[in-house]
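protein.cif (mmCIF, C-alpha atoms)
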data_protein
loop_
_atom_site.label_atom_id
_atom_site.label_comp_id
_atom_site.auth_asym_id
_atom_site.auth_seq_id
_atom_site.Cartn_x
_atom_site.Cartn_y
_atom_site.Cartn_z
CA MET H 1 26.44 115.91 -23.39
CA ASN H 2 27.07 112.40 -24.68
CA ARG H 3 25.90 112.19 -28.34
CA ASP H 4 24.54 108.67 -27.96
CA LEU H 5 22.40 109.66 -25.00
CA ARG H 6 21.04 112.69 -26.86
CA LEU H 7 20.08 110.51 -29.80
CA ARG H 8 18.28 108.09 -27.48
CA ILE H 9 16.34 110.87 -25.76
CA LYS H 10 15.44 112.45 -29.12
CA THR H 11 14.19 109.08 -30.44
CA LEU H 12 12.16 108.32 -27.32
CA VAL H 13 10.52 111.76 -27.37
CA MET H 14 9.55 111.29 -31.03
CA ILE H 15 8.18 107.79 -30.35
CA LEU H 16 6.14 109.16 -27.45
CA ALA H 17 4.76 111.91 -29.71
CA MET H 18 3.93 109.22 -32.29
CA VAL H 19 1.98 107.01 -29.86
CA VAL H 20 0.15 109.95 -28.23
CA CYS H 21 -0.85 111.43 -31.62
CA ALA H 22 -2.08 108.11 -33.01
CA ASN H 23 -4.14 107.26 -29.92
CA VAL H 24 -5.60 110.73 -29.38
CA GLY H 25 -6.42 110.86 -33.12
CA ASP H 26 -8.26 107.53 -33.03
CA LEU H 27 -10.15 108.45 -29.84
CA LEU H 28 -11.25 111.74 -31.45
CA LEU H 29 -12.47 109.88 -34.56
CA LYS H 30 -14.51 107.63 -32.28
CA ARG H 31 -15.94 110.64 -30.44
CA GLY H 32 -16.83 112.34 -33.72
CA MET H 33 -18.56 109.21 -35.01
CA ASN H 34 -20.48 108.90 -31.72
CA GLN H 35 -21.77 112.44 -32.31
CA ILE H 36 -22.84 111.47 -35.84
CA GLY H 37 -24.36 108.13 -34.82
CA ALA H 38 -24.32 104.71 -36.46
CA VAL H 39 -23.97 104.96 -40.26
CA PRO H 40 -27.02 103.27 -41.92
CA VAL H 41 -26.27 100.59 -44.51
CA SER H 42 -27.85 102.24 -47.57
CA LEU H 43 -26.61 104.51 -50.33
CA VAL H 44 -28.54 107.50 -48.96
CA GLY H 45 -27.39 106.76 -45.42
CA VAL H 46 -23.72 106.46 -46.38
CA THR H 47 -23.80 109.64 -48.49
CA HIS H 48 -25.54 111.58 -45.72
CA ALA H 49 -23.04 110.29 -43.12
CA PHE H 50 -20.16 111.25 -45.43
CA ALA H 51 -21.45 114.84 -45.57
CA LEU H 52 -21.70 114.84 -41.76
CA THR H 53 -18.15 113.52 -41.27
CA VAL H 54 -16.47 116.08 -43.54
CA THR H 55 -18.23 118.89 -41.65
CA ASN H 56 -17.56 117.49 -38.16
CA GLY H 57 -14.96 119.48 -36.20
CA THR H 58 -14.00 116.60 -33.88
CA ILE H 59 -13.21 114.39 -36.90
CA TRP H 60 -10.97 117.12 -38.35
CA ILE H 61 -9.08 117.55 -35.07
CA GLY H 62 -8.64 113.75 -35.08
CA ILE H 63 -7.26 113.92 -38.64
CA LEU H 64 -4.88 116.67 -37.49
CA PHE H 65 -3.54 114.37 -34.74
CA LEU H 66 -3.22 111.49 -37.21
CA SER H 67 -1.23 113.78 -39.52
CA GLY H 68 0.98 114.58 -36.51
CA PHE H 69 1.45 110.83 -36.05
CA MET H 70 2.41 110.41 -39.73
CA PHE H 71 4.84 113.32 -39.49
CA SER H 72 6.59 112.08 -36.31
CA TYR H 73 6.61 108.50 -37.63
CA MET H 74 8.31 109.48 -40.89
CA THR H 75 10.72 111.79 -39.09
CA VAL H 76 11.84 109.18 -36.56
CA LEU H 77 12.27 106.59 -39.33
CA SER H 78 14.69 108.96 -41.06
CA TRP H 79 17.30 108.22 -38.37
CA ALA H 80 16.08 105.26 -36.29
CA ASP H 81 15.74 101.61 -37.33
CA TYR H 82 12.26 100.36 -38.20
CA SER H 83 12.72 97.39 -35.85
CA TYR H 84 13.45 99.87 -33.04
CA VAL H 85 10.40 102.05 -33.74
CA MET H 86 8.04 99.10 -34.36
CA PRO H 87 7.63 97.97 -30.70
CA ALA H 88 6.09 101.37 -29.97
CA GLY H 89 3.45 100.63 -32.60
CA ALA H 90 2.73 97.30 -30.93
CA PHE H 91 2.52 98.92 -27.49
CA GLY H 92 0.04 101.44 -28.97
CA TYR H 93 -2.70 98.76 -29.21
CA ALA H 94 -2.50 98.09 -25.47
CA LEU H 95 -2.46 101.80 -24.62
CA LEU H 96 -5.46 102.49 -26.85
CA THR H 97 -7.48 99.73 -25.19
CA LEU H 98 -6.62 101.20 -21.77
CA LEU H 99 -7.63 104.70 -22.92
CA ALA H 100 -10.92 103.31 -24.27
CA VAL H 101 -11.68 101.93 -20.79
CA VAL H 102 -10.67 105.12 -18.96
CA PHE H 103 -12.09 107.82 -21.25
CA LEU H 104 -14.90 106.14 -23.21
CA HIS H 105 -15.93 103.77 -20.39
CA GLU H 106 -15.91 100.79 -22.73
CA SER H 107 -15.90 97.44 -20.96
CA VAL H 108 -13.05 95.15 -21.95
CA SER H 109 -13.28 91.51 -20.91
CA PRO H 110 -10.22 89.52 -19.74
CA ARG H 111 -10.48 87.51 -22.97
CA ARG H 112 -10.24 90.68 -25.05
CA TRP H 113 -7.21 91.81 -23.00
CA ILE H 114 -5.49 88.49 -23.76
CA GLY H 115 -6.30 89.08 -27.44
CA VAL H 116 -4.75 92.55 -27.28
CA ALA H 117 -1.62 91.11 -25.62
CA LEU H 118 -1.32 88.50 -28.39
CA ILE H 119 -1.70 91.23 -31.05
CA CYS H 120 1.08 93.27 -29.39
CA LEU H 121 3.39 90.24 -29.37
CA GLY H 122 2.50 89.39 -32.96
CA VAL H 123 3.11 92.92 -34.21
CA LEU H 124 6.46 92.91 -32.36
CA LEU H 125 7.47 89.76 -34.23
CA VAL H 126 6.29 91.10 -37.60
CA GLY H 127 8.49 94.15 -37.03
CA GLN H 128 11.62 92.09 -36.49
CA THR H 129 12.51 91.87 -40.13
CA ARG H 130 15.30 93.16 -42.32
CA PRO H 131 14.28 96.53 -43.77
CA SER H 132 15.10 95.63 -47.37
CA THR H 133 15.04 92.14 -48.85
CA THR H 134 14.29 93.02 -52.45
CA THR H 135 16.87 94.38 -54.83
CA VAL H 136 16.40 98.08 -55.36
CA ALA H 137 19.01 100.36 -56.88
CA VAL H 138 20.62 102.10 -53.90
CA SER H 139 21.55 105.71 -54.40
CA GLU H 140 24.78 107.09 -52.93
CA ALA H 141 24.58 108.09 -49.28
CA ALA H 142 23.77 111.71 -48.59
CA ASP H 143 26.73 113.65 -47.26
CA MET B 1 -21.76 91.40 -36.44
CA ILE B 2 -21.81 90.28 -40.10
CA ARG B 3 -21.82 93.87 -41.36
CA SER B 4 -18.89 94.69 -39.01
CA ILE B 5 -16.88 91.77 -40.39
CA LEU B 6 -17.64 92.82 -43.98
CA MET B 7 -16.66 96.43 -43.25
CA LEU B 8 -13.50 95.23 -41.50
CA GLY B 9 -12.73 93.33 -44.71
CA VAL B 10 -13.17 96.53 -46.75
CA LEU B 11 -10.93 98.40 -44.28
CA ILE B 12 -8.14 95.79 -44.36
CA PHE B 13 -8.14 95.07 -48.10
CA ALA B 14 -8.44 98.73 -49.10
CA SER B 15 -5.63 99.87 -46.81
CA THR B 16 -3.28 97.00 -47.66
CA GLY B 17 -4.16 97.24 -51.36
CA GLY B 18 -3.49 100.97 -51.22
CA GLU B 19 -0.14 100.51 -49.50
CA ILE B 20 0.95 97.81 -51.95
CA ALA B 21 -0.07 99.94 -54.95
CA ILE B 22 1.88 102.91 -53.56
CA THR B 23 4.90 100.69 -52.84
CA LEU B 24 4.81 99.39 -56.43
CA GLY B 25 4.50 102.95 -57.72
CA MET B 26 7.37 104.22 -55.58
CA LYS B 27 9.62 101.32 -56.60
CA THR B 28 9.08 102.08 -60.29
CA ILE B 29 9.86 105.76 -59.68
CA GLY B 30 13.01 104.97 -57.69
CA GLU B 31 14.64 106.81 -54.79
CA PRO B 32 15.43 110.49 -55.05
CA LYS B 33 19.21 110.80 -55.32
CA ARG B 34 19.55 113.61 -52.81
CA LEU B 35 17.05 115.23 -50.51
CA ARG B 36 17.27 118.67 -52.13
CA PRO B 37 14.13 120.76 -52.86
CA LYS B 38 14.55 120.58 -56.66
CA GLU B 39 15.03 116.82 -56.77
CA LEU B 40 12.17 116.30 -54.31
CA ALA B 41 9.90 118.38 -56.57
CA VAL B 42 10.87 116.26 -59.61
CA PHE B 43 10.26 113.12 -57.51
CA LEU B 44 6.80 114.36 -56.50
CA LEU B 45 5.86 115.18 -60.10
CA ARG B 46 6.90 111.71 -61.23
CA ALA B 47 4.81 110.18 -58.43
CA LEU B 48 1.78 112.22 -59.54
CA ARG B 49 2.14 110.87 -63.08
CA ASN B 50 2.32 107.25 -61.91
CA GLY B 51 -0.73 105.01 -62.40
CA TRP B 52 -0.01 102.87 -59.34
CA PHE B 53 0.03 106.00 -57.19
CA TRP B 54 -3.46 106.94 -58.41
CA THR B 55 -4.67 103.41 -57.72
CA GLY B 56 -3.33 103.61 -54.17
CA VAL B 57 -4.73 106.98 -53.13
CA PRO B 58 -8.48 106.20 -53.65
CA LEU B 59 -8.00 102.84 -51.91
CA MET B 60 -6.49 104.57 -48.88
CA ALA B 61 -9.32 107.12 -48.84
CA LEU B 62 -11.81 104.24 -48.96
CA SER B 63 -10.06 102.50 -46.06
CA PHE B 64 -10.21 105.68 -43.96
CA TYR B 65 -13.93 106.00 -44.57
CA ALA B 66 -14.45 102.32 -43.75
CA LEU B 67 -12.64 102.98 -40.44
CA LEU B 68 -15.04 105.85 -39.66
CA VAL B 69 -18.10 103.73 -40.47
CA LEU B 70 -16.78 100.88 -38.32
CA LEU B 71 -16.11 103.28 -35.43
CA SER B 72 -19.72 104.48 -35.67
CA TRP B 73 -20.93 100.90 -35.16
CA ASP B 74 -18.52 99.25 -32.72
CA PRO B 75 -16.44 100.06 -29.62
CA ILE B 76 -12.96 101.37 -30.39
CA SER B 77 -11.49 98.61 -28.19
CA PHE B 78 -12.69 96.21 -30.92
CA VAL B 79 -12.03 98.29 -34.05
CA ILE B 80 -8.39 99.33 -33.53
CA PRO B 81 -7.05 95.93 -32.32
CA ALA B 82 -8.96 94.23 -35.18
CA SER B 83 -7.32 96.60 -37.67
CA ALA B 84 -4.03 94.85 -36.78
CA LEU B 85 -5.15 92.27 -39.40
CA ASN B 86 -3.42 94.73 -41.73
CA TYR B 87 -0.17 93.04 -40.74
CA VAL B 88 -1.53 89.67 -41.85
CA VAL B 89 -2.79 90.76 -45.26
CA GLY B 90 0.22 93.06 -45.63
CA THR B 91 2.62 90.16 -45.05
CA LEU B 92 0.77 88.03 -47.62
CA GLY B 93 0.93 90.91 -50.10
CA ALA B 94 4.63 91.50 -49.38
CA LYS B 95 5.31 87.83 -50.00
CA PHE B 96 3.17 87.15 -53.08
CA ILE B 97 2.87 90.52 -54.83
CA LEU B 98 6.02 92.42 -53.87
CA ARG B 99 8.13 89.21 -53.72
CA GLU B 100 9.79 90.15 -50.43
CA GLN B 101 11.35 87.42 -48.31
CA VAL B 102 9.29 86.72 -45.19
CA THR B 103 11.11 85.20 -42.22
CA ALA B 104 9.77 82.42 -39.97
CA ALA B 105 9.60 84.89 -37.05
CA ARG B 106 7.37 87.14 -39.13
CA TRP B 107 5.01 84.27 -39.99
CA ALA B 108 4.83 83.45 -36.25
CA GLY B 109 3.90 87.08 -35.63
CA VAL B 110 1.17 86.89 -38.27
CA LEU B 111 -0.33 83.81 -36.58
CA MET B 112 -0.28 85.56 -33.18
CA VAL B 113 -2.05 88.61 -34.59
CA CYS B 114 -4.73 86.31 -36.09
CA ALA B 115 -5.24 84.53 -32.76
CA GLY B 116 -5.33 87.86 -30.91
CA VAL B 117 -7.92 89.37 -33.26
CA ALA B 118 -10.06 86.23 -32.92
CA LEU B 119 -10.06 86.68 -29.11
CA VAL B 120 -10.78 90.42 -29.39
CA ALA B 121 -13.68 89.75 -31.79
CA ALA B 122 -15.09 87.08 -29.47
CA GLY B 123 -15.25 89.85 -26.84
#
The structure in this file should be written as structure tokens.
Amino acid sequence: MNRDLRLRIKTLVMILAMVVCANVGDLLLKRGMNQIGAVPVSLVGVTHAFALTVTNGTIWIGILFLSGFMFSYMTVLSWADYSYVMPAGAFGYALLTLLAVVFLHESVSPRRWIGVALICLGVLLVGQTRPSTTTVAVSEAAD
Amino acid sequence: MIRSILMLGVLIFASTGGEIAITLGMKTIGEPKRLRPKELAVFLLRALRNGWFWTGVPLMALSFYALLVLLSWDPISFVIPASALNYVVGTLGAKFILREQVTAARWAGVLMVCAGVALVAAG
């Protein structure tokens, strides 16, 4: 098979894994915190809530997914350009908002959707930057 | 609403501060020459002896906990889009602390993220 096509498919699969892991991880954190309830603003409240979060299974599964995100993100950046991977990160905000509506039944107003769209565009633009603008000693390329 | 904004501030400044501290630490350590197990182990040991690294790690832990607290208070469709303010503070940090060059397109992106978060926060 064409090498270029294989590279594209490999990259897209990793980006998909990245977005799915990040969003599922965040949704699980939200679910875990819903089980725990609103954290009270007091020293005792915060300490008690901390003990509840480190013993909450849903939170830990969320952390596992977020580690999966970190792993796939770092892996894909080892061969793909940051400015190519970045749009997926921007798209993630829109997907998460959609998932919040579908799975958590949160209501999202048209104004908030416009805000999310602006954030996606903004993040896209922030990502369009040269990967290294400072002078750092560059080591020889790996063989 | 006030407490959410304050906690969002903790989240953004702790995570950006943590990332900048780790970037500073990693830049003083330098790149590993080759990705071989022995050199990676030496690289890791040097990172663990770096002060910037140990400034960054607690800040990132704090930002994660701030995220959990915020999620316990507010809908996720507010919290996650609002956390995009990271890009704004991160760009300012890249410009003024790490002395990276920031392009006009990137500044435009920062403004758009700000406007977007304002709309998301307004509900």
If you apply the PyMOL selection byres ((chain B and resi 55) around 10) to this file, what residues do you get, as a PDB file with C-alpha atoms, keeping the file's coordinate frame?
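New file expr19.pdb:
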ATOM      1  CA  GLY B  17      -4.160  97.240 -51.360  1.00  0.00           C
ATOM      2  CA  GLY B  18      -3.490 100.970 -51.220  1.00  0.00           C
ATOM      3  CA  GLU B  19      -0.140 100.510 -49.500  1.00  0.00           C
ATOM      4  CA  ILE B  20       0.950  97.810 -51.950  1.00  0.00           C
ATOM      5  CA  ALA B  21      -0.070  99.940 -54.950  1.00  0.00           C
ATOM      6  CA  ILE B  22       1.880 102.910 -53.560  1.00  0.00           C
ATOM      7  CA  GLY B  25       4.500 102.950 -57.720  1.00  0.00           C
ATOM      8  CA  ASN B  50       2.320 107.250 -61.910  1.00  0.00           C
ATOM      9  CA  GLY B  51      -0.730 105.010 -62.400  1.00  0.00           C
ATOM     10  CA  TRP B  52      -0.010 102.870 -59.340  1.00  0.00           C
ATOM     11  CA  PHE B  53       0.030 106.000 -57.190  1.00  0.00           C
ATOM     12  CA  TRP B  54      -3.460 106.940 -58.410  1.00  0.00           C
ATOM     13  CA  GLY B  56      -3.330 103.610 -54.170  1.00  0.00           C
ATOM     14  CA  VAL B  57      -4.730 106.980 -53.130  1.00  0.00           C
ATOM     15  CA  PRO B  58      -8.480 106.200 -53.650  1.00  0.00           C
ATOM     16  CA  LEU B  59      -8.000 102.840 -51.910  1.00  0.00           C
ATOM     17  CA  MET B  60      -6.490 104.570 -48.880  1.00  0.00           C
TER      18      MET B  60
END
Determine the nearest neighbour of chain B from the options H:Pro87, H:Gly37, H:Gly62, H:Gly25, counting only C-alpha atoms.
H:Gly37
Considering all atoms listed in the file, extract the chain B residues located within 8 Å of chain H and return them as a ChimeraX atom specification.
/B:27,30-35,68-69,71-73,75-77,80-81,84,87,99-103,105-123
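Atom CA of B:Ala94 is found 26.7 Å from atom CA of H:Gly68.
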Which distance in Å separates atom CA of H:Arg6 and atom CA of H:Phe91, to one decimal?
23.1 Å
Expected answer as a PDB file with C-alpha atoms, in the coordinates of the input: all residues with atoms within 12 Å of (19.0, 108.3, -30.9), all atoms listed in the file:
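Output below, filename part_13.pdb:
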ATOM      1  CA  ASN H   2      27.070 112.400 -24.680  1.00  0.00           C
ATOM      2  CA  ARG H   3      25.900 112.190 -28.340  1.00  0.00           C
ATOM      3  CA  ASP H   4      24.540 108.670 -27.960  1.00  0.00           C
ATOM      4  CA  LEU H   5      22.400 109.660 -25.000  1.00  0.00           C
ATOM      5  CA  ARG H   6      21.040 112.690 -26.860  1.00  0.00           C
ATOM      6  CA  LEU H   7      20.080 110.510 -29.800  1.00  0.00           C
ATOM      7  CA  ARG H   8      18.280 108.090 -27.480  1.00  0.00           C
ATOM      8  CA  ILE H   9      16.340 110.870 -25.760  1.00  0.00           C
ATOM      9  CA  LYS H  10      15.440 112.450 -29.120  1.00  0.00           C
ATOM     10  CA  THR H  11      14.190 109.080 -30.440  1.00  0.00           C
ATOM     11  CA  LEU H  12      12.160 108.320 -27.320  1.00  0.00           C
ATOM     12  CA  VAL H  13      10.520 111.760 -27.370  1.00  0.00           C
ATOM     13  CA  MET H  14       9.550 111.290 -31.030  1.00  0.00           C
ATOM     14  CA  ILE H  15       8.180 107.790 -30.350  1.00  0.00           C
ATOM     15  CA  VAL H  76      11.840 109.180 -36.560  1.00  0.00           C
ATOM     16  CA  LEU H  77      12.270 106.590 -39.330  1.00  0.00           C
ATOM     17  CA  SER H  78      14.690 108.960 -41.060  1.00  0.00           C
ATOM     18  CA  TRP H  79      17.300 108.220 -38.370  1.00  0.00           C
ATOM     19  CA  ALA H  80      16.080 105.260 -36.290  1.00  0.00           C
ATOM     20  CA  ASP H  81      15.740 101.610 -37.330  1.00  0.00           C
ATOM     21  CA  TYR H  84      13.450  99.870 -33.040  1.00  0.00           C
ATOM     22  CA  VAL H  85      10.400 102.050 -33.740  1.00  0.00           C
TER      23      VAL H  85
END
Hey, can you check how far atom CA of H:Phe103 sits from atom CA of H:Ala88?
21.2 Å
Skip B:Leu11 itself and residues of its chain fewer than 5 positions away, then list as a PyMOL selection string all residues within 9 Å of it, counting only C-alpha atoms.
chain B and resi 6+16+60+62-67+70+83+86
What do you get, as a PyMOL selection string, if you spell out every residue that the PyMOL selection byres ((chain H and resi 64) around 12) selects here?
chain H and resi 21-22+24-26+28-29+57-63+65-71
